[in-house]
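Data from upload_7.cif: mmCIF, C-alpha atoms
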```cif
data_work
loop_
_atom_site.label_atom_id
_atom_site.label_comp_id
_atom_site.auth_asym_id
_atom_site.auth_seq_id
_atom_site.Cartn_x
_atom_site.Cartn_y
_atom_site.Cartn_z
CA MET A 1 127.29 45.00 -27.66
CA ILE A 2 128.09 41.78 -29.47
CA VAL A 3 130.11 43.71 -32.06
CA ALA A 4 132.31 45.31 -29.40
CA THR A 5 132.72 41.97 -27.62
CA LEU A 6 133.70 40.18 -30.80
CA ILE A 7 136.10 42.96 -31.83
CA ALA A 8 137.83 42.81 -28.44
CA LEU A 9 138.06 39.03 -28.54
CA GLY A 10 139.30 39.06 -32.12
CA ALA A 11 142.01 41.59 -31.36
CA ALA A 12 143.06 39.58 -28.31
CA ALA A 13 143.18 36.40 -30.38
CA ALA A 14 145.31 38.15 -33.00
CA LEU A 15 147.74 39.37 -30.34
CA PHE A 16 147.99 35.93 -28.73
CA LEU A 17 148.48 34.27 -32.11
CA ALA A 18 151.23 36.75 -32.97
CA ARG A 19 152.96 35.93 -29.69
CA LEU A 20 152.48 32.24 -30.43
CA VAL A 21 154.19 32.64 -33.80
CA ILE A 22 157.02 35.02 -32.95
CA GLY A 23 157.67 34.01 -29.36
CA PRO A 24 161.41 33.66 -28.93
CA THR A 25 161.28 30.92 -26.31
CA LEU A 26 159.01 27.97 -25.66
CA ALA A 27 157.56 29.69 -22.58
CA ASP A 28 156.32 32.58 -24.71
CA ARG A 29 154.65 30.17 -27.09
CA VAL A 30 152.95 28.42 -24.18
CA VAL A 31 151.69 31.81 -22.98
CA GLY A 32 150.28 32.54 -26.43
CA LEU A 33 148.63 29.13 -26.67
CA ASN A 34 147.06 29.54 -23.24
CA GLY A 35 145.70 32.91 -24.31
CA VAL A 36 144.19 31.43 -27.47
CA VAL A 37 142.49 28.72 -25.40
CA ILE A 38 141.09 31.40 -23.08
CA VAL A 39 139.74 33.39 -26.03
CA GLY A 40 138.08 30.22 -27.30
CA MET A 41 136.44 29.64 -23.93
CA VAL A 42 135.00 33.15 -23.87
CA LEU A 43 133.85 32.73 -27.49
CA ILE A 44 131.90 29.65 -26.47
CA ALA A 45 130.27 31.69 -23.71
CA VAL A 46 129.44 34.45 -26.22
CA ASP A 47 127.90 31.86 -28.52
CA ALA A 48 125.79 30.50 -25.67
CA VAL A 49 124.55 33.97 -24.75
CA TYR A 50 123.80 35.49 -28.13
CA ALA A 51 122.78 32.46 -30.18
CA ASP A 52 120.75 30.63 -27.50
CA ARG A 53 122.62 27.45 -28.11
CA ASN A 54 123.82 25.38 -25.20
CA ALA A 55 125.38 22.46 -27.04
CA PHE A 56 128.93 23.75 -26.65
CA LEU A 57 128.90 24.50 -22.96
CA PRO A 58 130.42 21.16 -21.87
CA VAL A 59 133.29 21.95 -24.22
CA LEU A 60 134.00 24.91 -21.94
CA VAL A 61 134.55 22.65 -18.95
CA VAL A 62 136.68 20.29 -20.99
CA LEU A 63 138.79 23.20 -22.26
CA ALA A 64 139.37 24.41 -18.71
CA VAL A 65 140.62 20.99 -17.62
CA VAL A 66 142.69 20.31 -20.73
CA GLY A 67 144.29 23.75 -20.64
CA PHE A 68 145.50 23.22 -17.10
CA VAL A 69 146.82 19.72 -17.76
CA GLY A 70 148.55 20.83 -20.95
CA THR A 71 150.21 23.80 -19.29
CA ALA A 72 151.40 21.65 -16.39
CA MET A 73 152.81 19.06 -18.79
CA ILE A 74 154.65 21.68 -20.83
CA ALA A 75 155.98 23.18 -17.59
CA ARG A 76 157.43 19.83 -16.51
CA PHE A 77 158.86 19.36 -19.98
CA LEU A 78 160.32 22.87 -20.04
CA GLU A 79 161.99 22.52 -16.67
CA GLY A 80 164.18 19.73 -17.96
CA ARG A 81 164.77 20.94 -21.46
CA GLY A 82 164.85 24.70 -21.53
CA ARG A 83 164.23 27.14 -24.33
CA MET B 1 114.69 43.80 -12.13
CA THR B 2 112.17 46.51 -12.74
CA ALA B 3 114.00 48.89 -14.99
CA ALA B 4 114.91 47.68 -18.42
CA LEU B 5 118.35 49.18 -18.09
CA LEU B 6 119.21 46.93 -15.17
CA SER B 7 117.78 43.73 -16.50
CA ARG B 8 119.66 40.50 -16.10
CA GLU B 9 120.54 40.25 -19.77
CA TRP B 10 121.97 43.73 -19.83
CA VAL B 11 124.17 43.17 -16.79
CA GLY B 12 125.33 39.85 -18.17
CA GLN B 13 126.22 41.29 -21.55
CA VAL B 14 128.08 44.18 -19.97
CA ALA B 15 130.03 41.73 -17.81
CA LEU B 16 130.80 39.67 -20.92
CA LEU B 17 132.08 42.77 -22.68
CA ALA B 18 134.16 43.77 -19.65
CA GLY B 19 135.69 40.30 -19.48
CA SER B 20 136.51 40.46 -23.18
CA LEU B 21 138.17 43.83 -22.67
CA LEU B 22 140.25 42.38 -19.83
CA ILE B 23 141.33 39.57 -22.12
CA LEU B 24 142.23 42.14 -24.76
CA LEU B 25 144.31 43.87 -22.08
CA ALA B 26 146.03 40.56 -21.39
CA GLY B 27 146.73 40.23 -25.11
CA ILE B 28 148.26 43.70 -25.27
CA GLY B 29 150.40 42.88 -22.24
CA VAL B 30 151.53 39.57 -23.73
CA MET B 31 152.41 41.30 -26.97
CA ARG B 32 154.23 44.29 -25.53
CA PHE B 33 156.04 43.12 -22.42
CA PRO B 34 159.73 42.48 -22.99
CA ASP B 35 160.28 39.23 -21.10
CA ALA B 36 158.80 35.79 -20.65
CA LEU B 37 158.12 36.23 -16.96
CA THR B 38 156.35 39.56 -17.40
CA ARG B 39 154.26 38.09 -20.21
CA MET B 40 153.19 35.27 -17.92
CA HIS B 41 152.32 37.86 -15.30
CA ALA B 42 150.10 39.75 -17.73
CA LEU B 43 148.37 36.62 -18.98
CA ALA B 44 147.78 35.12 -15.55
CA LYS B 45 146.25 38.10 -13.81
CA ALA B 46 144.22 39.68 -16.56
CA SER B 47 142.96 36.50 -18.15
CA THR B 48 141.89 34.91 -14.87
CA ALA B 49 139.86 37.98 -13.98
CA GLY B 50 138.55 38.31 -17.54
CA VAL B 51 137.43 34.69 -17.85
CA ALA B 52 135.75 34.79 -14.45
CA LEU B 53 133.93 38.02 -15.29
CA ALA B 54 132.86 36.85 -18.76
CA LEU B 55 131.61 33.45 -17.67
CA LEU B 56 129.75 34.84 -14.67
CA GLY B 57 128.12 37.39 -16.96
CA ALA B 58 127.14 34.67 -19.40
CA SER B 59 125.66 32.63 -16.55
CA LEU B 60 123.61 35.68 -15.54
CA THR B 61 121.93 35.86 -18.92
CA LEU B 62 121.10 32.17 -19.18
CA SER B 63 118.33 30.56 -17.20
CA GLN B 64 118.45 26.80 -17.62
CA LEU B 65 120.09 24.85 -14.85
CA ASP B 66 122.59 22.84 -16.89
CA GLU B 67 123.87 25.90 -18.71
CA VAL B 68 124.33 27.88 -15.51
CA MET B 69 125.96 24.94 -13.75
CA SER B 70 128.43 24.27 -16.53
CA LEU B 71 129.36 27.94 -16.67
CA LEU B 72 129.81 28.15 -12.92
CA PHE B 73 131.81 24.93 -12.88
CA ALA B 74 134.05 26.19 -15.65
CA THR B 75 134.52 29.46 -13.77
CA ALA B 76 135.47 27.70 -10.56
CA LEU B 77 137.78 25.35 -12.42
CA GLN B 78 139.49 28.18 -14.26
CA ALA B 79 139.86 30.29 -11.13
CA ALA B 80 141.37 27.33 -9.30
CA THR B 81 143.70 26.01 -11.98
CA ASN B 82 144.86 29.08 -13.88
CA PRO B 83 147.06 30.56 -11.09
CA VAL B 84 148.48 27.11 -10.34
CA ALA B 85 149.34 26.50 -13.98
CA SER B 86 150.87 29.94 -14.26
CA THR B 87 152.99 29.35 -11.17
CA LEU B 88 154.20 26.00 -12.50
CA LEU B 89 155.08 27.54 -15.83
CA THR B 90 156.84 30.48 -14.22
CA GLN B 91 158.95 28.24 -11.99
CA ALA B 92 159.80 26.05 -14.95
CA ALA B 93 160.84 29.08 -16.97
CA TYR B 94 162.89 30.34 -14.03
CA TYR B 95 164.77 27.06 -13.69
CA ALA B 96 165.05 26.28 -17.38
CA GLU B 97 168.27 26.79 -19.21
CA GLY B 98 168.40 29.31 -21.96
CA ILE B 99 165.54 31.57 -20.97
CA PRO B 100 166.92 34.91 -19.86
CA ASN B 101 165.08 36.53 -17.01
CA ARG B 102 165.97 40.05 -16.11
CA LEU B 103 165.03 40.61 -12.52
CA ASP B 104 166.02 44.14 -11.83
CA THR B 105 165.93 44.77 -8.11
CA VAL B 106 164.92 41.85 -5.91
CA ASP B 107 165.24 38.12 -6.57
CA GLU B 108 163.82 36.34 -3.56
CA LEU B 109 163.68 32.95 -5.21
CA ALA B 110 167.44 33.07 -5.77
CA ASP B 111 167.94 33.41 -2.03
CA ALA B 112 165.50 30.61 -1.43
CA VAL B 113 167.11 28.13 -3.81
CA GLY B 114 170.69 29.20 -3.13
CA ARG B 115 171.55 30.86 -6.35
CA THR B 116 174.20 33.32 -5.37
CA ASP B 117 175.49 35.51 -8.13
CA GLY B 118 173.38 37.24 -10.67
CA LYS B 119 173.74 34.82 -13.52
CA GLU B 120 170.99 34.58 -16.03
CA PHE B 121 170.52 30.86 -16.36
CA GLY B 122 169.15 28.84 -13.58
CA ARG B 123 169.35 25.13 -13.47
CA ALA B 124 172.96 24.38 -14.35
CA ASP B 125 174.16 27.02 -11.92
CA ARG B 126 172.01 25.57 -9.22
CA ARG B 127 173.39 22.11 -9.82
CA ALA B 128 176.92 23.42 -9.88
CA ALA B 129 176.43 25.46 -6.75
CA SER B 130 174.59 22.83 -4.75
CA PRO B 131 177.39 20.43 -3.60
CA ASP B 132 179.42 23.00 -1.69
CA SER B 133 176.39 24.52 -0.05
CA THR B 134 174.28 21.56 0.84
CA ASP B 135 172.04 22.34 3.74
CA ASP B 136 171.43 26.05 3.54
CA VAL B 137 169.16 25.43 0.59
CA THR B 138 165.76 25.81 2.09
CA SER B 139 163.02 24.41 -0.02
CA PRO B 140 160.55 27.05 -1.15
CA GLY B 141 157.33 27.00 0.74
CA GLY B 142 154.62 25.83 -1.57
CA ASP B 143 154.84 23.28 -4.33
#
```
Target encoding structure tokens, full file:
Amino acid sequence: MIVATLIALGAAAALFLARLVIGPTLADRVVGLNGVVIVGMVLIAVDAVYADRNAFLPVLVVLAVVGFVGTAMIARFLEGRGR
Amino acid sequence: MTAALLSREWVGQVALLAGSLLILLAGIGVMRFPDALTRMHALAKASTAGVALALLGASLTLSQLDEVMSLLFATALQAATNPVASTLLTQAAYYAEGIPNRLDTVDELADAVGRTDGKEFGRADRRAASPDSTDDVTSPGGD
């Protein structure tokens, strides 16, 4: 079960990172970065489930907040600048 | 509860795997869709559902109160903020100069903001078209 979960998350992270690198516009790169953050959040949850370690769970909450604020900031920035 | 096949850990791990598969689906959509707006569509829907499913499954397997509460709080936060952030980013990409958006059939936001002809770039056209048509620009509902 953990192998399938980690394979799916690794493939998703590879796809998001590829979009982050080759994205033609800034909006595509923001989409890729948001996806990488989401994969990191689920990896923290996987770590908490399978390794019985709860030290990283507040990082999950912080990542949720910071991801939203960062995306909103880049959206405001993108609306004025473009591309 | 009684059968080992339906134990809490099993259900939680299956939900975690299903959430990871939804995020993989979002990754495939982000990689293969041809346009920035469709990529945002794929990321917003699939990753919101995937993160909610995965974190709820993880909170099923855990038993301490602080772990479950941080997972539930992160789930609620993500489910509340991810569609809002995606909407902000989509509107910014719609209005930004230089990002082509191919809307094939219906463009309702163009009617709402007063963009008349089917040009590809938003903001400069909207500024150029706004002085002659001042008051028929109805502000879009939300925001």
Subject >> Residue hits in chain A, query chain B, radius 7 Å, all atoms listed in the file, as JSON, numbers by chain >> reply: {"A": [5, 8, 9, 11, 12, 15, 16, 19, 25, 27, 28, 31, 42, 45, 49, 54, 57, 58, 60, 61, 64, 68, 71, 72, 75, 76, 78, 79, 80, 81, 82, 83]}
Same residues, C-alpha atoms, output as a PDB file, keeping the file's coordinate frame:
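Below is the file result-v2.pdb, written as the result:
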```pdb
ATOM      1  CA  THR A   5     132.720  41.970 -27.620  1.00  0.00           C
ATOM      2  CA  ALA A   8     137.830  42.810 -28.440  1.00  0.00           C
ATOM      3  CA  LEU A   9     138.060  39.030 -28.540  1.00  0.00           C
ATOM      4  CA  ALA A  11     142.010  41.590 -31.360  1.00  0.00           C
ATOM      5  CA  ALA A  12     143.060  39.580 -28.310  1.00  0.00           C
ATOM      6  CA  LEU A  15     147.740  39.370 -30.340  1.00  0.00           C
ATOM      7  CA  PHE A  16     147.990  35.930 -28.730  1.00  0.00           C
ATOM      8  CA  ARG A  19     152.960  35.930 -29.690  1.00  0.00           C
ATOM      9  CA  THR A  25     161.280  30.920 -26.310  1.00  0.00           C
ATOM     10  CA  ALA A  27     157.560  29.690 -22.580  1.00  0.00           C
ATOM     11  CA  ASP A  28     156.320  32.580 -24.710  1.00  0.00           C
ATOM     12  CA  VAL A  31     151.690  31.810 -22.980  1.00  0.00           C
ATOM     13  CA  VAL A  42     135.000  33.150 -23.870  1.00  0.00           C
ATOM     14  CA  ALA A  45     130.270  31.690 -23.710  1.00  0.00           C
ATOM     15  CA  VAL A  49     124.550  33.970 -24.750  1.00  0.00           C
ATOM     16  CA  ASN A  54     123.820  25.380 -25.200  1.00  0.00           C
ATOM     17  CA  LEU A  57     128.900  24.500 -22.960  1.00  0.00           C
ATOM     18  CA  PRO A  58     130.420  21.160 -21.870  1.00  0.00           C
ATOM     19  CA  LEU A  60     134.000  24.910 -21.940  1.00  0.00           C
ATOM     20  CA  VAL A  61     134.550  22.650 -18.950  1.00  0.00           C
ATOM     21  CA  ALA A  64     139.370  24.410 -18.710  1.00  0.00           C
ATOM     22  CA  PHE A  68     145.500  23.220 -17.100  1.00  0.00           C
ATOM     23  CA  THR A  71     150.210  23.800 -19.290  1.00  0.00           C
ATOM     24  CA  ALA A  72     151.400  21.650 -16.390  1.00  0.00           C
ATOM     25  CA  ALA A  75     155.980  23.180 -17.590  1.00  0.00           C
ATOM     26  CA  ARG A  76     157.430  19.830 -16.510  1.00  0.00           C
ATOM     27  CA  LEU A  78     160.320  22.870 -20.040  1.00  0.00           C
ATOM     28  CA  GLU A  79     161.990  22.520 -16.670  1.00  0.00           C
ATOM     29  CA  GLY A  80     164.180  19.730 -17.960  1.00  0.00           C
ATOM     30  CA  ARG A  81     164.770  20.940 -21.460  1.00  0.00           C
ATOM     31  CA  GLY A  82     164.850  24.700 -21.530  1.00  0.00           C
ATOM     32  CA  ARG A  83     164.230  27.140 -24.330  1.00  0.00           C
TER      33      ARG A  83
END
```
Original post:
atom CA of A:Val62 and atom CA of A:Met41, how far apart in Å?
Top reply: 9.8 Å
**OP:** Have a look at atom CA of A:Asn34 and atom CA of A:Gly67 and let me know their distance in Å, one decimal.
**Re:** 6.9 Å
Original post:
What is the atom CA of A:Leu43 to atom CA of B:Ala46 distance in Å?
Top reply: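 Separating atom CA of A:Leu43 from atom CA of B:Ala46 is a distance of 16.6 Å.
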Subject >> Distance query A:Arg29 at most 8 Å, all atoms listed in the file, self and fewer than 5 positions along chain excluded, as a VMD selection string >> reply: chain A and resid 19 to 24
